[in-house]
>>> print(open('my_file_28.txt').read())   # compact mmCIF, C-alpha atoms and all ligand atoms
# COMPACT_ATOMS: atom_id res chain seq x y z
CA MET A 1 -31.51 2.24 -33.23
CA ILE A 2 -29.78 -1.13 -33.03
CA VAL A 3 -29.39 -2.36 -29.46
CA VAL A 4 -27.25 -5.34 -28.50
CA GLU A 5 -27.71 -6.55 -24.93
CA GLY A 6 -25.53 -9.10 -23.16
CA LEU A 7 -24.86 -10.96 -26.40
CA HIS A 8 -23.26 -14.38 -26.10
CA PHE A 9 -22.50 -16.61 -29.04
CA SER A 10 -20.60 -19.88 -29.50
CA TYR A 11 -19.39 -21.83 -32.51
CA ASP A 12 -19.19 -25.56 -31.79
CA GLY A 13 -19.20 -24.97 -28.03
CA ARG A 14 -16.40 -22.41 -28.26
CA GLU A 15 -17.51 -19.08 -26.87
CA ILE A 16 -16.82 -16.31 -29.40
CA LEU A 17 -18.89 -13.43 -28.01
CA ARG A 18 -18.91 -13.15 -24.22
CA GLY A 19 -21.48 -10.57 -23.27
CA VAL A 20 -21.37 -7.72 -25.76
CA ASP A 21 -23.44 -4.56 -25.27
CA LEU A 22 -23.73 -2.04 -28.06
CA THR A 23 -25.99 0.81 -29.12
CA PHE A 24 -25.82 2.02 -32.67
CA GLY A 25 -27.90 4.77 -34.24
CA GLY A 26 -27.43 7.17 -37.12
CA GLU A 27 -23.70 7.70 -36.81
CA ILE A 28 -20.52 6.24 -38.28
CA LEU A 29 -19.36 3.71 -35.72
CA ALA A 30 -16.02 1.98 -36.21
CA LEU A 31 -15.80 -1.58 -34.93
CA VAL A 32 -12.16 -2.59 -34.53
CA GLY A 33 -10.13 -5.36 -32.97
CA PRO A 34 -7.55 -8.01 -33.84
CA ASN A 35 -8.17 -10.95 -36.19
CA GLY A 36 -10.54 -13.42 -34.61
CA SER A 37 -11.83 -11.02 -31.95
CA GLY A 38 -15.44 -11.54 -33.07
CA LYS A 39 -16.20 -8.48 -35.23
CA THR A 40 -17.75 -10.38 -38.13
CA THR A 41 -19.59 -12.68 -35.74
CA LEU A 42 -21.08 -9.64 -33.99
CA ALA A 43 -21.97 -8.02 -37.34
CA LYS A 44 -23.82 -11.14 -38.48
CA HIS A 45 -26.09 -10.79 -35.46
CA LEU A 46 -27.22 -7.32 -36.49
CA ASN A 47 -29.20 -8.53 -39.50
CA GLY A 48 -30.21 -11.86 -38.01
CA LEU A 49 -27.81 -14.11 -39.94
CA LEU A 50 -26.79 -15.42 -36.53
CA LYS A 51 -29.08 -15.57 -33.53
CA PRO A 52 -27.89 -14.97 -29.95
CA VAL A 53 -27.24 -17.96 -27.71
CA ARG A 54 -27.84 -15.61 -24.78
CA GLY A 55 -28.80 -11.92 -24.68
CA ARG A 56 -30.66 -10.19 -27.49
CA VAL A 57 -30.41 -7.89 -30.49
CA LEU A 58 -33.10 -5.32 -31.27
CA VAL A 59 -33.30 -3.53 -34.62
CA ASP A 60 -35.65 -0.58 -34.21
CA GLY A 61 -37.37 -2.65 -31.57
CA MET A 62 -37.52 -5.84 -33.66
CA ASP A 63 -36.01 -8.83 -31.84
CA THR A 64 -33.81 -10.57 -34.42
CA ARG A 65 -34.87 -13.97 -33.06
CA ARG A 66 -38.44 -13.30 -34.12
CA HIS A 67 -37.75 -11.92 -37.60
CA THR A 68 -36.29 -13.42 -40.74
CA VAL A 69 -33.12 -12.22 -42.41
CA ALA A 70 -35.28 -11.08 -45.35
CA GLU A 71 -37.36 -8.85 -43.07
CA LEU A 72 -34.33 -7.49 -41.28
CA SER A 73 -32.41 -6.85 -44.50
CA ARG A 74 -34.82 -4.03 -45.34
CA LYS A 75 -33.38 -2.18 -42.39
CA VAL A 76 -29.87 -3.56 -42.16
CA GLY A 77 -27.66 -3.93 -45.22
CA TYR A 78 -24.62 -6.11 -44.79
CA VAL A 79 -21.63 -6.07 -47.11
CA PHE A 80 -19.65 -9.24 -46.46
CA GLN A 81 -15.95 -9.31 -45.78
CA ASN A 82 -15.34 -11.59 -48.78
CA PRO A 83 -18.12 -10.93 -51.25
CA GLU A 84 -16.87 -13.10 -54.17
CA HIS A 85 -19.38 -15.83 -53.54
CA MET A 86 -22.47 -13.72 -53.17
CA PHE A 87 -23.10 -12.97 -56.86
CA PHE A 88 -25.56 -15.03 -58.85
CA GLU A 89 -26.93 -12.83 -61.65
CA GLU A 90 -25.58 -12.70 -65.21
CA THR A 91 -24.91 -8.99 -65.37
CA VAL A 92 -23.76 -6.31 -62.97
CA PHE A 93 -26.98 -4.40 -63.62
CA ASP A 94 -29.18 -7.36 -62.66
CA GLU A 95 -27.04 -8.07 -59.64
CA VAL A 96 -27.56 -4.56 -58.26
CA ALA A 97 -31.24 -4.54 -59.30
CA PHE A 98 -32.00 -7.80 -57.48
CA GLY A 99 -32.43 -6.33 -53.98
CA PRO A 100 -34.59 -3.32 -54.91
CA LYS A 101 -36.70 -5.56 -57.19
CA ASN A 102 -37.42 -7.73 -54.18
CA LEU A 103 -38.63 -4.60 -52.43
CA GLY A 104 -41.13 -4.14 -55.28
CA ILE A 105 -39.28 -1.35 -57.07
CA ARG A 106 -39.66 -1.32 -60.87
CA GLY A 107 -39.18 0.80 -64.01
CA GLU A 108 -37.58 4.24 -63.89
CA GLU A 109 -37.05 4.17 -60.15
CA LEU A 110 -35.24 0.85 -60.38
CA GLU A 111 -32.98 2.09 -63.18
CA GLU A 112 -32.28 5.20 -61.15
CA ARG A 113 -31.38 3.22 -58.02
CA VAL A 114 -29.00 0.96 -59.91
CA ARG A 115 -27.35 3.87 -61.69
CA TRP A 116 -26.94 5.78 -58.42
CA ALA A 117 -25.48 2.78 -56.57
CA LEU A 118 -23.01 1.94 -59.34
CA GLN A 119 -21.94 5.54 -59.59
CA ALA A 120 -21.44 5.77 -55.82
CA VAL A 121 -18.79 3.06 -56.02
CA GLY A 122 -17.32 4.18 -59.34
CA LEU A 123 -18.63 1.27 -61.41
CA GLU A 124 -20.62 3.16 -64.02
CA GLY A 125 -20.13 1.52 -67.42
CA PHE A 126 -19.94 -1.97 -65.91
CA GLU A 127 -23.70 -2.65 -66.23
CA GLU A 128 -23.47 -5.40 -68.87
CA ARG A 129 -20.39 -7.17 -67.51
CA THR A 130 -20.77 -10.48 -65.76
CA PRO A 131 -19.94 -10.15 -62.04
CA TYR A 132 -17.47 -13.01 -62.20
CA SER A 133 -15.33 -11.18 -64.75
CA LEU A 134 -14.65 -8.33 -62.32
CA SER A 135 -11.37 -7.88 -60.47
CA GLY A 136 -11.22 -8.37 -56.69
CA GLY A 137 -11.57 -4.68 -55.90
CA GLU A 138 -14.36 -4.27 -58.46
CA LYS A 139 -16.25 -7.16 -56.87
CA GLN A 140 -15.84 -5.52 -53.50
CA ARG A 141 -17.35 -2.33 -54.89
CA LEU A 142 -20.15 -4.23 -56.62
CA ALA A 143 -21.04 -5.84 -53.29
CA ILE A 144 -21.30 -2.39 -51.72
CA ALA A 145 -23.46 -1.16 -54.64
CA CYS A 146 -25.85 -4.12 -54.20
CA VAL A 147 -26.48 -3.16 -50.60
CA LEU A 148 -26.61 0.59 -51.30
CA ALA A 149 -29.33 0.04 -53.90
CA MET A 150 -31.62 -1.24 -51.14
CA LYS A 151 -31.13 2.06 -49.26
CA PRO A 152 -31.19 0.34 -45.87
CA LYS A 153 -31.37 2.53 -42.78
CA TYR A 154 -28.29 0.84 -41.31
CA LEU A 155 -25.28 -0.32 -43.25
CA ILE A 156 -22.66 -2.75 -42.08
CA LEU A 157 -19.45 -2.63 -44.05
CA ASP A 158 -17.04 -5.43 -43.14
CA GLU A 159 -13.57 -4.35 -44.30
CA PRO A 160 -14.99 -2.31 -47.20
CA THR A 161 -11.68 -0.89 -48.35
CA SER A 162 -9.39 -3.91 -48.09
CA GLY A 163 -7.96 -4.61 -51.53
CA LEU A 164 -9.11 -1.30 -52.99
CA ASP A 165 -6.77 1.12 -54.74
CA GLY A 166 -6.53 4.75 -53.64
CA LYS A 167 -9.14 6.05 -56.06
CA ALA A 168 -11.69 3.34 -55.26
CA GLU A 169 -11.11 3.85 -51.55
CA LYS A 170 -11.80 7.58 -51.90
CA SER A 171 -15.04 6.85 -53.66
CA VAL A 172 -16.09 4.46 -50.88
CA VAL A 173 -15.17 7.09 -48.27
CA ARG A 174 -17.24 9.69 -50.13
CA THR A 175 -20.16 7.28 -50.30
CA ILE A 176 -20.00 6.60 -46.56
CA ARG A 177 -20.03 10.36 -45.88
CA THR A 178 -23.01 10.88 -48.18
CA LEU A 179 -24.93 8.07 -46.52
CA ARG A 180 -24.25 9.58 -43.12
CA GLU A 181 -25.50 12.97 -44.32
CA GLU A 182 -28.64 11.30 -45.62
CA GLY A 183 -29.30 9.91 -42.15
CA HIS A 184 -28.06 6.33 -42.52
CA GLY A 185 -26.09 4.67 -39.76
CA VAL A 186 -22.84 3.04 -40.86
CA LEU A 187 -21.05 0.35 -38.90
CA LEU A 188 -17.56 0.29 -40.28
CA ILE A 189 -15.48 -2.78 -39.49
CA THR A 190 -11.88 -2.13 -40.36
CA HIS A 191 -8.22 -2.63 -39.57
CA ASP A 192 -7.39 0.63 -41.33
CA MET A 193 -6.73 3.15 -38.57
CA ASP A 194 -6.42 5.99 -41.10
CA LEU A 195 -10.00 5.28 -42.11
CA VAL A 196 -11.11 5.32 -38.47
CA LEU A 197 -9.41 8.67 -37.98
CA GLU A 198 -10.90 10.08 -41.16
CA LEU A 199 -14.47 8.85 -40.83
CA ALA A 200 -15.54 7.50 -37.46
CA GLU A 201 -17.59 9.34 -34.89
CA ARG A 202 -17.35 6.66 -32.24
CA VAL A 203 -15.20 3.56 -31.82
CA VAL A 204 -15.85 0.18 -30.27
CA LEU A 205 -12.87 -2.10 -29.63
CA LEU A 206 -13.58 -5.81 -29.45
CA PHE A 207 -11.03 -8.12 -27.88
CA ASN A 208 -11.56 -11.83 -27.22
CA GLY A 209 -15.28 -11.46 -27.71
CA ARG A 210 -15.61 -8.64 -25.21
CA GLU A 211 -16.00 -4.93 -25.63
CA LEU A 212 -12.79 -3.47 -24.24
CA PHE A 213 -13.41 0.12 -25.16
CA GLU A 214 -16.24 2.31 -26.35
CA GLY A 215 -15.81 6.02 -26.81
CA SER A 216 -14.73 8.92 -28.97
CA VAL A 217 -12.10 8.66 -31.71
CA GLU A 218 -9.80 10.92 -29.71
CA GLU A 219 -10.04 8.73 -26.60
CA PHE A 220 -9.57 5.61 -28.71
CA PHE A 221 -6.27 6.81 -30.12
CA GLU A 222 -5.00 7.41 -26.58
CA LEU A 223 -5.08 3.64 -25.92
CA GLU A 224 -1.97 1.48 -26.17
CA LEU A 225 -2.99 0.19 -29.58
CA GLU A 226 -0.09 -2.25 -30.02
CA GLU A 227 -1.62 -4.36 -27.25
CA TYR A 228 -4.52 -4.99 -29.61
CA SER A 229 -2.44 -5.52 -32.77
CA LEU A 230 -3.45 -2.06 -34.02
CA GLU A 231 -1.30 0.87 -35.05
CA LEU A 232 -1.50 4.60 -34.54
CA PRO A 233 -2.05 6.41 -37.89
CA GLU A 234 1.07 8.13 -39.22
CA LEU A 235 -0.66 11.47 -39.05
CA LEU A 236 -1.14 11.08 -35.29
CA GLU A 237 2.45 9.84 -34.81
CA LEU A 238 3.57 12.97 -36.57
CA ALA A 239 1.22 15.22 -34.60
CA LYS A 240 2.45 13.63 -31.37
CA GLY A 241 6.08 14.14 -32.36
CA LEU A 242 5.35 17.78 -33.08
CA GLY A 243 3.47 18.22 -29.81
CA ALA A 244 0.30 19.11 -31.72
CA GLY A 245 -2.17 16.82 -29.92
CA PHE A 246 -5.15 15.19 -31.60
CA VAL A 247 -5.95 16.16 -35.19
CA ARG A 248 -8.09 14.48 -37.84
CA SER A 249 -6.50 15.67 -41.06
CA VAL A 250 -3.30 17.11 -42.50
CA GLU A 251 -5.14 20.44 -42.90
CA GLU A 252 -6.01 20.46 -39.21
CA LEU A 253 -2.40 19.69 -38.28
CA MET A 254 -1.15 22.56 -40.45
CA GLU A 255 -3.63 24.87 -38.78
CA VAL A 256 -2.58 23.85 -35.28
CA LEU A 257 1.06 24.38 -36.21
CA GLY A 258 0.22 27.79 -37.67
N1 LIG B 1 -18.42 -20.69 -39.04
C1 LIG B 1 -17.56 -20.77 -38.03
N2 LIG B 1 -17.34 -21.95 -37.39
C2 LIG B 1 -16.46 -22.03 -36.35
N3 LIG B 1 -15.73 -21.00 -35.90
C3 LIG B 1 -15.88 -19.82 -36.52
C4 LIG B 1 -16.80 -19.62 -37.60
N4 LIG B 1 -16.73 -18.34 -38.00
C5 LIG B 1 -15.82 -17.75 -37.20
N5 LIG B 1 -15.32 -18.61 -36.30
C6 LIG B 1 -14.30 -18.30 -35.27
O1 LIG B 1 -14.81 -17.27 -34.45
C7 LIG B 1 -13.78 -16.36 -34.05
C8 LIG B 1 -14.19 -14.95 -34.41
O2 LIG B 1 -14.25 -14.84 -35.83
P1 LIG B 1 -14.70 -13.51 -36.57
O3 LIG B 1 -14.80 -13.83 -38.01
O4 LIG B 1 -15.91 -12.96 -35.91
O5 LIG B 1 -13.44 -12.56 -36.26
P2 LIG B 1 -13.11 -11.12 -36.82
O6 LIG B 1 -12.93 -10.22 -35.62
O7 LIG B 1 -14.10 -10.70 -37.82
O8 LIG B 1 -11.65 -11.36 -37.47
P3 LIG B 1 -10.97 -10.72 -38.80
O9 LIG B 1 -10.35 -9.43 -38.37
O10 LIG B 1 -9.93 -11.74 -39.13
O11 LIG B 1 -12.01 -10.58 -39.86
C9 LIG B 1 -12.52 -16.84 -34.75
O12 LIG B 1 -11.75 -17.56 -33.82
C10 LIG B 1 -13.03 -17.75 -35.86
O13 LIG B 1 -12.11 -18.77 -36.14
MG MG B 2 -14.00 -10.35 -39.84
>>> encode(input="my_file_28.txt", output="structure tokens")
Amino acid sequence: MIVVEGLHFSYDGREILRGVDLTFGGEILALVGPNGSGKTTLAKHLNGLLKPVRGRVLVDGMDTRRHTVAELSRKVGYVFQNPEHMFFEETVFDEVAFGPKNLGIRGEELEERVRWALQAVGLEGFEERTPYSLSGGEKQRLAIACVLAMKPKYLILDEPTSGLDGKAEKSVVRTIRTLREEGHGVLLITHDMDLVLELAERVVLLFNGRELFEGSVEEFFELELEEYSLELPELLELAKGLGAGFVRSVEELMEVLG
């Protein structure tokens, strides 16, 4: 369990997080909110990259102020919003192998981890490429693979599908589902409301550094989303227009409509 209590944080004296409380376990939790609302800043507290000015963050009971990022990264994997600058190995294989190697994994098991992680994001066959030669979307997927290969208990994905084509997005969605089934918790930061509808089990809405809403996906989509620069998914617009109420997929809508 990750527990955030009364978290305050400031950049250069400007208060960015103003008392955030959050509990996050083994589910898929969507963290949404307009640009600049503090989502990434909050996420960086969950693996200790940033330390609270006031309040605290506990990862399975570990206070992030008393543990290093290296220690915390065994539990919390963080895929950055813009991962271009995080690669430093010569090949894709070595890049993905770096994390598990640091955990002491070698030989067959290491190969297996790397293969599994690359396959999960649809990058099999890219092993010998240099990370810098990849396209934007491929880099995004490589960044996800690097974190997956560590098999952290909690995963933070900051805009994991921005810039991905339909096929790559599907493979990321499948991966998130698999992780959930395997008992990992996934914190999904996204502006893509279709993704929230498709995947999330709970939603937290951040606005001006405060938690404005926390609840089920159904309750979330009853909010006036335009006020928060967010949009209702087309599927729900359609369902509303047809008087069908809340549905999570086209199949469900068809069923409701008979
Ligand atoms: N290193 C920094 N130094 C100073 N201010 C920063 C820094 N990083 C972020 N901020 C500011 O903190 C606020 C919150 O930024 P944050 O990146 O957490 O927003 P976000 O909700 O992730 O937005 P987006 O949807 O655009 O990714 C913004 O006003 C941003 O300009
Ligand atoms: Mg952000």
>>> residues_near_ligand(input="my_file_28.txt", ligand="ligand LIG 1 (chain B)", cutoff="12 Å", atoms="all atoms listed in the file", output="compact mmCIF listing (two decimals) with C-alpha atoms, in the frame of the given file")
# COMPACT_ATOMS: atom_id res chain seq x y z
CA PHE A 9 -22.50 -16.61 -29.04
CA SER A 10 -20.60 -19.88 -29.50
CA TYR A 11 -19.39 -21.83 -32.51
CA ASP A 12 -19.19 -25.56 -31.79
CA GLY A 13 -19.20 -24.97 -28.03
CA ARG A 14 -16.40 -22.41 -28.26
CA GLU A 15 -17.51 -19.08 -26.87
CA ILE A 16 -16.82 -16.31 -29.40
CA LEU A 17 -18.89 -13.43 -28.01
CA ARG A 18 -18.91 -13.15 -24.22
CA LEU A 31 -15.80 -1.58 -34.93
CA VAL A 32 -12.16 -2.59 -34.53
CA GLY A 33 -10.13 -5.36 -32.97
CA PRO A 34 -7.55 -8.01 -33.84
CA ASN A 35 -8.17 -10.95 -36.19
CA GLY A 36 -10.54 -13.42 -34.61
CA SER A 37 -11.83 -11.02 -31.95
CA GLY A 38 -15.44 -11.54 -33.07
CA LYS A 39 -16.20 -8.48 -35.23
CA THR A 40 -17.75 -10.38 -38.13
CA THR A 41 -19.59 -12.68 -35.74
CA LEU A 42 -21.08 -9.64 -33.99
CA ALA A 43 -21.97 -8.02 -37.34
CA LYS A 44 -23.82 -11.14 -38.48
CA HIS A 45 -26.09 -10.79 -35.46
CA LEU A 49 -27.81 -14.11 -39.94
CA LEU A 50 -26.79 -15.42 -36.53
CA PHE A 80 -19.65 -9.24 -46.46
CA GLN A 81 -15.95 -9.31 -45.78
CA ASN A 82 -15.34 -11.59 -48.78
CA LEU A 157 -19.45 -2.63 -44.05
CA ASP A 158 -17.04 -5.43 -43.14
CA GLU A 159 -13.57 -4.35 -44.30
CA PRO A 160 -14.99 -2.31 -47.20
CA SER A 162 -9.39 -3.91 -48.09
CA LEU A 188 -17.56 0.29 -40.28
CA ILE A 189 -15.48 -2.78 -39.49
CA THR A 190 -11.88 -2.13 -40.36
CA HIS A 191 -8.22 -2.63 -39.57
CA ASP A 192 -7.39 0.63 -41.33
CA LEU A 205 -12.87 -2.10 -29.63
CA LEU A 206 -13.58 -5.81 -29.45
CA PHE A 207 -11.03 -8.12 -27.88
CA ASN A 208 -11.56 -11.83 -27.22
CA GLY A 209 -15.28 -11.46 -27.71
CA ARG A 210 -15.61 -8.64 -25.21
CA GLU A 211 -16.00 -4.93 -25.63
CA TYR A 228 -4.52 -4.99 -29.61
CA SER A 229 -2.44 -5.52 -32.77
CA LEU A 230 -3.45 -2.06 -34.02
>>> atom_distance(input="my_file_28.txt", atom1="atom CA of A:Ala168", atom2="atom CA of A:Gly122")
7.0 Å
>>> closest_atom_pairs(input="my_file_28.txt", of="stretch 21-101 of chain A", to="stretch 132-150 of chain A", cutoff="10 Å", atoms="only C-alpha atoms", output="JSON lines")
{"residue": "A:Ser73", "atom": "CA", "partner": "A:Met150", "partner_atom": "CA", "distance": 8.7}
{"residue": "A:Arg74", "atom": "CA", "partner": "A:Met150", "partner_atom": "CA", "distance": 7.2}
{"residue": "A:Lys75", "atom": "CA", "partner": "A:Met150", "partner_atom": "CA", "distance": 9.0}
{"residue": "A:Val76", "atom": "CA", "partner": "A:Val147", "partner_atom": "CA", "distance": 9.1}
{"residue": "A:Gly77", "atom": "CA", "partner": "A:Val147", "partner_atom": "CA", "distance": 5.6}
{"residue": "A:Tyr78", "atom": "CA", "partner": "A:Val147", "partner_atom": "CA", "distance": 6.8}
{"residue": "A:Val79", "atom": "CA", "partner": "A:Ile144", "partner_atom": "CA", "distance": 5.9}
{"residue": "A:Phe80", "atom": "CA", "partner": "A:Ala143", "partner_atom": "CA", "distance": 7.8}
{"residue": "A:Gln81", "atom": "CA", "partner": "A:Gln140", "partner_atom": "CA", "distance": 8.6}
{"residue": "A:Asn82", "atom": "CA", "partner": "A:Gln140", "partner_atom": "CA", "distance": 7.7}
{"residue": "A:Pro83", "atom": "CA", "partner": "A:Ala143", "partner_atom": "CA", "distance": 6.2}
{"residue": "A:Glu84", "atom": "CA", "partner": "A:Lys139", "partner_atom": "CA", "distance": 6.6}
{"residue": "A:His85", "atom": "CA", "partner": "A:Tyr132", "partner_atom": "CA", "distance": 9.3}
{"residue": "A:Met86", "atom": "CA", "partner": "A:Ala143", "partner_atom": "CA", "distance": 8.0}
{"residue": "A:Phe87", "atom": "CA", "partner": "A:Tyr132", "partner_atom": "CA", "distance": 7.8}
{"residue": "A:Phe88", "atom": "CA", "partner": "A:Tyr132", "partner_atom": "CA", "distance": 9.0}
{"residue": "A:Glu89", "atom": "CA", "partner": "A:Tyr132", "partner_atom": "CA", "distance": 9.5}
{"residue": "A:Glu90", "atom": "CA", "partner": "A:Tyr132", "partner_atom": "CA", "distance": 8.7}
{"residue": "A:Thr91", "atom": "CA", "partner": "A:Tyr132", "partner_atom": "CA", "distance": 9.0}
{"residue": "A:Val92", "atom": "CA", "partner": "A:Leu142", "partner_atom": "CA", "distance": 7.6}
{"residue": "A:Phe93", "atom": "CA", "partner": "A:Cys146", "partner_atom": "CA", "distance": 9.5}
{"residue": "A:Asp94", "atom": "CA", "partner": "A:Cys146", "partner_atom": "CA", "distance": 9.7}
{"residue": "A:Glu95", "atom": "CA", "partner": "A:Cys146", "partner_atom": "CA", "distance": 6.8}
{"residue": "A:Val96", "atom": "CA", "partner": "A:Cys146", "partner_atom": "CA", "distance": 4.4}
{"residue": "A:Ala97", "atom": "CA", "partner": "A:Ala149", "partner_atom": "CA", "distance": 7.3}
{"residue": "A:Phe98", "atom": "CA", "partner": "A:Cys146", "partner_atom": "CA", "distance": 7.9}
{"residue": "A:Gly99", "atom": "CA", "partner": "A:Met150", "partner_atom": "CA", "distance": 5.9}
{"residue": "A:Pro100", "atom": "CA", "partner": "A:Met150", "partner_atom": "CA", "distance": 5.2}
{"residue": "A:Lys101", "atom": "CA", "partner": "A:Met150", "partner_atom": "CA", "distance": 9.0}
>>> residues_around(input="my_file_28.txt", residues="A:Asp63", least_positions_apart="4", cutoff="12 Å", atoms="only C-alpha atoms", output="list in words")
Ile2, Val3, Val4, Glu5, His45, Leu46, Asn47, Gly48, Lys51, Pro52, Gly55, Arg56, Val57, Leu58, Val59, His67, Thr68, Val69, Glu71 and Leu72 of chain A
>>> closest_residue(input="my_file_28.txt", among="A:Ile105, A:Ile156, A:Leu22, A:Leu123", to="ligand MG 2 (chain B)", atoms="all atoms listed in the file")
A:Ile156
